[in-house]
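This is structure.csv. It holds CSV, C-alpha atoms.
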chain,number,residue,atom,x,y,z
A,1,MET,CA,260.9,-167.3,59.1
A,2,GLU,CA,258.0,-165.1,60.2
A,3,LYS,CA,254.6,-166.2,61.5
A,4,LEU,CA,251.5,-164.3,62.0
A,5,MET,CA,249.6,-164.8,65.3
A,6,LYS,CA,246.3,-163.4,66.6
A,7,PRO,CA,246.7,-161.2,69.7
A,8,ALA,CA,244.6,-163.6,71.7
A,9,GLU,CA,246.8,-166.6,70.7
A,10,TYR,CA,250.0,-164.6,71.5
A,11,ALA,CA,248.6,-163.5,74.8
A,12,LYS,CA,247.6,-167.1,75.8
A,13,GLU,CA,251.1,-168.4,74.7
A,14,LEU,CA,252.9,-165.8,76.9
A,15,GLY,CA,250.4,-166.1,79.7
A,16,ILE,CA,249.6,-162.4,79.6
A,17,SER,CA,246.4,-160.4,78.9
A,18,ARG,CA,245.4,-159.2,75.5
A,19,GLN,CA,245.5,-155.6,76.9
A,20,ALA,CA,249.2,-156.2,77.6
A,21,VAL,CA,249.7,-157.4,74.0
A,22,TYR,CA,248.0,-154.3,72.6
A,23,ALA,CA,250.1,-152.1,74.9
A,24,LYS,CA,253.3,-153.7,73.6
A,25,ILE,CA,252.1,-153.1,70.0
A,26,LYS,CA,251.4,-149.5,70.8
A,27,LYS,CA,254.8,-149.1,72.3
A,28,GLY,CA,256.5,-150.7,69.3
A,29,ILE,CA,257.7,-153.7,71.3
A,30,LEU,CA,255.8,-156.0,69.0
A,31,ARG,CA,255.5,-155.9,65.2
A,32,SER,CA,252.0,-156.2,63.8
A,33,LYS,CA,250.3,-156.4,60.4
A,34,ASN,CA,246.8,-155.8,59.1
A,35,VAL,CA,245.6,-158.6,56.9
A,36,ASP,CA,242.1,-158.4,55.4
A,37,GLY,CA,241.2,-155.8,58.2
A,38,LYS,CA,242.5,-158.0,61.0
A,39,LEU,CA,245.4,-157.4,63.3
A,40,TYR,CA,248.2,-160.0,63.6
A,41,ILE,CA,251.4,-160.2,65.5
A,42,VAL,CA,254.5,-160.8,63.4
A,43,VAL,CA,256.7,-163.4,65.2
A,44,ASP,CA,259.8,-165.0,63.7
A,45,SER,CA,260.9,-168.5,64.7
A,46,LYS,CA,263.7,-167.3,67.1
A,47,GLU,CA,261.5,-164.8,68.8
A,48,ARG,CA,258.7,-167.4,69.1
A,49,SER,CA,261.1,-170.0,70.6
A,50,GLN,CA,262.2,-167.4,73.2
A,51,THR,CA,258.6,-166.4,73.7
A,52,VAL,CA,257.4,-170.0,74.2
A,53,SER,CA,260.3,-170.6,76.7
A,54,ASP,CA,259.6,-167.4,78.6
A,55,PRO,CA,256.5,-168.7,80.4
A,56,ALA,CA,258.4,-171.6,81.8
A,57,LYS,CA,261.2,-169.3,83.0
A,58,THR,CA,258.6,-167.0,84.4
A,59,ALA,CA,256.9,-169.8,86.2
A,60,SER,CA,260.2,-171.0,87.5
A,61,LYS,CA,261.1,-167.6,88.7
A,62,LYS,CA,257.7,-167.3,90.4
A,63,ALA,CA,258.2,-170.6,92.1
A,64,VAL,CA,261.6,-169.5,93.3
A,65,THR,CA,260.2,-166.3,94.5
A,66,SER,CA,257.3,-168.0,96.3
A,67,THR,CA,259.8,-170.4,98.0
A,68,GLN,CA,262.0,-167.4,99.1
A,69,GLU,CA,258.9,-165.6,100.4
A,70,ARG,CA,257.9,-168.7,102.4
A,71,ASP,CA,261.4,-169.0,103.8
A,72,TYR,CA,261.5,-165.3,104.6
A,73,GLU,CA,258.1,-165.6,106.4
A,74,ALA,CA,259.3,-168.6,108.3
A,75,LEU,CA,262.5,-166.7,109.3
A,76,LEU,CA,260.5,-163.8,110.5
A,77,LYS,CA,258.2,-166.0,112.5
A,78,ALA,CA,261.2,-167.8,114.1
A,79,LYS,CA,262.7,-164.4,114.8
A,80,ASP,CA,259.5,-163.2,116.5
A,81,GLU,CA,259.4,-166.4,118.6
A,82,THR,CA,263.0,-165.9,119.6
A,83,ILE,CA,262.3,-162.3,120.6
A,84,GLU,CA,259.4,-163.4,122.7
A,85,VAL,CA,261.5,-166.1,124.4
A,86,LEU,CA,264.2,-163.5,125.1
A,87,LYS,CA,261.7,-161.1,126.5
A,88,GLY,CA,260.4,-163.8,128.8
A,89,THR,CA,264.0,-164.6,129.9
A,90,VAL,CA,264.8,-160.9,130.6
A,91,LYS,CA,261.5,-160.6,132.6
A,92,ASP,CA,262.4,-163.7,134.7
A,93,LEU,CA,265.9,-162.4,135.3
A,94,LYS,CA,264.6,-159.0,136.4
A,95,GLU,CA,262.2,-160.7,138.8
A,96,SER,CA,264.9,-162.9,140.1
A,97,ASN,CA,267.2,-159.9,140.7
A,98,ARG,CA,264.4,-158.1,142.5
A,99,GLU,CA,263.9,-161.0,144.8
A,100,ILE,CA,267.7,-161.3,145.5
A,101,SER,CA,267.9,-157.6,146.2
A,102,THR,CA,265.0,-157.8,148.6
A,103,THR,CA,266.5,-160.7,150.4
A,104,LEU,CA,269.9,-159.0,150.7
A,105,ARG,CA,268.3,-155.8,152.1
A,106,GLY,CA,266.5,-157.8,154.7
A,107,GLU,CA,269.7,-159.6,155.7
A,108,ILE,CA,271.6,-156.3,155.9
A,109,ASP,CA,268.9,-154.9,158.2
A,110,LEU,CA,269.1,-157.9,160.4
A,111,LEU,CA,272.8,-157.6,160.7
A,112,LYS,CA,272.5,-153.9,161.5
A,113,GLU,CA,270.0,-154.7,164.3
A,114,ALA,CA,272.2,-157.5,165.7
A,115,PHE,CA,275.3,-155.2,165.6
A,116,HIS,CA,273.3,-152.4,167.5
A,117,GLU,CA,272.1,-154.9,170.1
A,118,MET,CA,275.7,-156.3,170.6
A,119,ARG,CA,277.1,-152.8,170.9
A,120,THR,CA,274.5,-151.7,173.4
A,121,LEU,CA,275.1,-154.8,175.5
A,122,TYR,CA,278.9,-154.3,175.3
A,123,VAL,CA,278.6,-150.7,176.4
A,124,HIS,CA,276.3,-151.7,179.3
A,125,GLN,CA,278.8,-154.3,180.4
A,126,LEU,CA,281.6,-151.8,180.3
A,127,GLU,CA,279.6,-149.3,182.4
A,128,GLN,CA,278.8,-152.0,185.0
A,129,LYS,CA,282.4,-153.1,185.2
A,130,LYS,CA,283.6,-149.5,185.5
A,131,ALA,CA,281.0,-148.8,188.3
A,132,LYS,CA,282.1,-151.9,190.1
A,133,THR,CA,285.7,-151.0,189.9
A,134,ASP,CA,285.0,-147.4,191.1
A,135,VAL,CA,283.1,-148.8,194.2
A,136,GLU,CA,285.9,-151.2,195.0
A,137,THR,CA,288.5,-148.5,194.7
A,138,ILE,CA,286.6,-146.2,197.0
A,139,GLU,CA,286.2,-149.0,199.5
A,140,VAL,CA,289.9,-149.8,199.4
A,141,LEU,CA,290.9,-146.1,199.8
A,142,SER,CA,288.3,-145.7,202.6
A,143,HIS,CA,289.8,-148.6,204.5
A,144,GLU,CA,293.4,-147.5,203.9
A,145,ASP,CA,292.7,-143.9,205.0
A,146,ALA,CA,290.4,-144.7,207.9
A,147,PRO,CA,292.1,-144.3,211.3
A,148,SER,CA,292.3,-147.2,213.7
A,149,ALA,CA,290.0,-147.5,216.7
A,150,PRO,CA,292.5,-145.9,219.2
A,151,GLN,CA,293.3,-143.2,216.7
A,152,GLN,CA,289.6,-142.5,216.2
A,153,ALA,CA,289.2,-142.2,220.0
A,154,ASP,CA,292.1,-139.8,220.3
A,155,MET,CA,290.8,-137.7,217.4
A,156,ILE,CA,287.3,-137.5,219.0
A,157,GLU,CA,288.8,-136.3,222.3
A,158,ASP,CA,291.1,-133.7,220.7
A,159,ALA,CA,288.5,-132.4,218.2
A,160,LEU,CA,286.0,-129.7,218.6
A,161,TRP,CA,282.9,-131.4,217.1
A,162,VAL,CA,279.9,-129.3,216.1
A,163,GLY,CA,276.8,-129.9,213.9
A,164,ILE,CA,276.4,-128.6,210.4
A,165,LYS,CA,274.3,-125.6,211.6
A,166,LYS,CA,277.1,-124.3,214.0
A,167,PHE,CA,279.7,-125.2,211.4
A,168,LEU,CA,278.0,-122.9,208.8
A,169,LYS,CA,277.5,-120.1,211.3
A,170,HIS,CA,281.2,-120.4,212.5
A,171,PHE,CA,282.4,-119.9,208.9
A,172,GLY,CA,279.6,-117.5,207.8
A,173,ALA,CA,278.5,-119.8,205.1
A,174,GLU,CA,274.7,-120.1,205.8
A,175,GLU,CA,273.8,-119.0,202.3
A,176,LYS,CA,275.7,-122.0,200.9
A,177,LYS,CA,274.0,-124.4,203.3
A,178,GLU,CA,272.8,-127.1,200.9
A,179,LYS,CA,276.0,-127.1,198.8
A,180,ILE,CA,278.3,-127.4,201.8
A,181,ALA,CA,276.1,-130.0,203.5
A,182,LYS,CA,276.4,-132.2,200.4
A,183,ARG,CA,280.2,-131.8,200.4
A,184,LEU,CA,280.5,-132.7,204.0
A,185,LYS,CA,278.3,-135.8,203.6
A,186,LYS,CA,280.5,-136.8,200.6
A,187,ALA,CA,283.6,-136.3,202.7
A,188,TYR,CA,282.2,-138.5,205.4
A,189,LYS,CA,281.5,-141.3,203.0
A,190,LYS,CA,285.0,-141.1,201.7
A,191,GLY,CA,286.4,-141.5,205.2
A,192,ASP,CA,287.5,-137.9,205.7
A,193,HIS,CA,288.8,-137.7,209.3
A,194,ARG,CA,287.4,-134.1,209.7
A,195,VAL,CA,283.9,-135.4,209.6
A,196,THR,CA,282.3,-138.1,211.7
A,197,LYS,CA,279.0,-139.2,213.2
A,198,ILE,CA,278.1,-139.0,216.8
A,199,ASP,CA,274.7,-140.4,218.0
A,200,GLY,CA,273.7,-140.7,214.3
A,201,LYS,CA,274.3,-137.0,213.6
A,202,LEU,CA,277.0,-135.6,211.3
A,203,LYS,CA,279.7,-133.7,213.2
A,204,ILE,CA,282.6,-131.5,211.9
A,205,ASP,CA,285.8,-130.7,213.7
A,206,LEU,CA,286.3,-126.9,213.9
A,207,ASN,CA,290.0,-127.4,214.7
A,208,GLU,CA,290.6,-128.4,211.0
A,209,SER,CA,290.8,-126.4,207.8
A,210,TYR,CA,287.9,-126.5,205.3
A,211,GLU,CA,289.0,-124.4,202.3
A,212,ASP,CA,288.2,-127.3,199.9
A,213,ILE,CA,284.7,-127.6,201.4
A,214,LEU,CA,283.8,-123.9,201.7
A,215,HIS,CA,285.0,-122.8,198.2
In structure tokens, write the structure found in this file.
Amino acid sequence: MEKLMKPAEYAKELGISRQAVYAKIKKGILRSKNVDGKLYIVVDSKERSQTVSDPAKTASKKAVTSTQERDYEALLKAKDETIEVLKGTVKDLKESNREISTTLRGEIDLLKEAFHEMRTLYVHQLEQKKAKTDVETIEVLSHEDAPSAPQQADMIEDALWVGIKKFLKHFGAEEKKEKIAKRLKKAYKKGDHRVTKIDGKLKIDLNESYEDILH
């Protein structure tokens, strides 16, 4: 069964504008008739039933869409908040790692300094111990090699003792004066029987050989 409806009534029932109704007529979507010079929309009962129910469906769809949009916006907001929290956490972790790295570097530097001080102290102690051992060894050797008092008396009587100046002249070594003088003094300190002191002056026995001193 067909029914005629004015465009304004049809638009109101569907919840659309009259311009939309005229556009549908123009496109052939809606059937229309001219009655006494007026335009009417031809609607049958089935189409009208569907048309009447459409606004409810449309409203329902709009409500669903609106709910979905709100949920989506809430989800986006929660996501943004989560991202901000994660950014703050990452920043805190970076700061914490930076502090830990700085502390570790400081402790490593302290360990290096302590190791250097311990090494320096250890080397110093070794040098002192070595120097002490060398002195003791020289003293022992000097005492062992040193002649007894009677032997020293005999040696002094049999020897031909002269000073450094005559010694150098005797062997023609005046040009090596300083070098040879140092060697003779060192030989005396080691207890060399060829060198002695008489009246506080260094004397050398010309009866002995001095190749090790002169060369």
Find, counting only C-alpha atoms, the residue in A:Glu2, A:Leu214, A:Thr103, A:Leu160 that gets nearest to Glu175 of chain A.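 The answer is A:Leu214, which sits nearest to Glu175 of chain A.
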Atom CA of His215 of chain A and atom CA of Ala187 of chain A, how far apart in Å?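 Between these atoms lies a distance of 14.3 Å.
Distance check against Glu208 of chain A using all atoms listed in the file: of A:Lys185, A:Asn97, A:Val162, A:Ile29, the minimum falls on A:Val162.
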Show me, as a PyMOL selection string, the residues that have an atom within 12 Å of Ser209 of chain A when counting all atoms listed in the file, minus same-chain residues fewer than 2 positions from it. chain A and resi 167+171+193-195+204-207+211-215
Output C-alpha atoms for every residue in the selection just made, as a PDB file, in the coordinates of the input.
ATOM      1  CA  PHE A 167     279.700-125.200 211.400  1.00  0.00           C
ATOM      2  CA  PHE A 171     282.400-119.900 208.900  1.00  0.00           C
ATOM      3  CA  HIS A 193     288.800-137.700 209.300  1.00  0.00           C
ATOM      4  CA  ARG A 194     287.400-134.100 209.700  1.00  0.00           C
ATOM      5  CA  VAL A 195     283.900-135.400 209.600  1.00  0.00           C
ATOM      6  CA  ILE A 204     282.600-131.500 211.900  1.00  0.00           C
ATOM      7  CA  ASP A 205     285.800-130.700 213.700  1.00  0.00           C
ATOM      8  CA  LEU A 206     286.300-126.900 213.900  1.00  0.00           C
ATOM      9  CA  ASN A 207     290.000-127.400 214.700  1.00  0.00           C
ATOM     10  CA  GLU A 211     289.000-124.400 202.300  1.00  0.00           C
ATOM     11  CA  ASP A 212     288.200-127.300 199.900  1.00  0.00           C
ATOM     12  CA  ILE A 213     284.700-127.600 201.400  1.00  0.00           C
ATOM     13  CA  LEU A 214     283.800-123.900 201.700  1.00  0.00           C
ATOM     14  CA  HIS A 215     285.000-122.800 198.200  1.00  0.00           C
TER      15      HIS A 215
END
Which of these, A:Lys166, A:Lys94, A:Lys79, A:Lys130, has the shortest distance to Lys203 of chain A once you count all atoms listed in the file?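 Among the listed residues, A:Lys166 lies closest to Lys203 of chain A.
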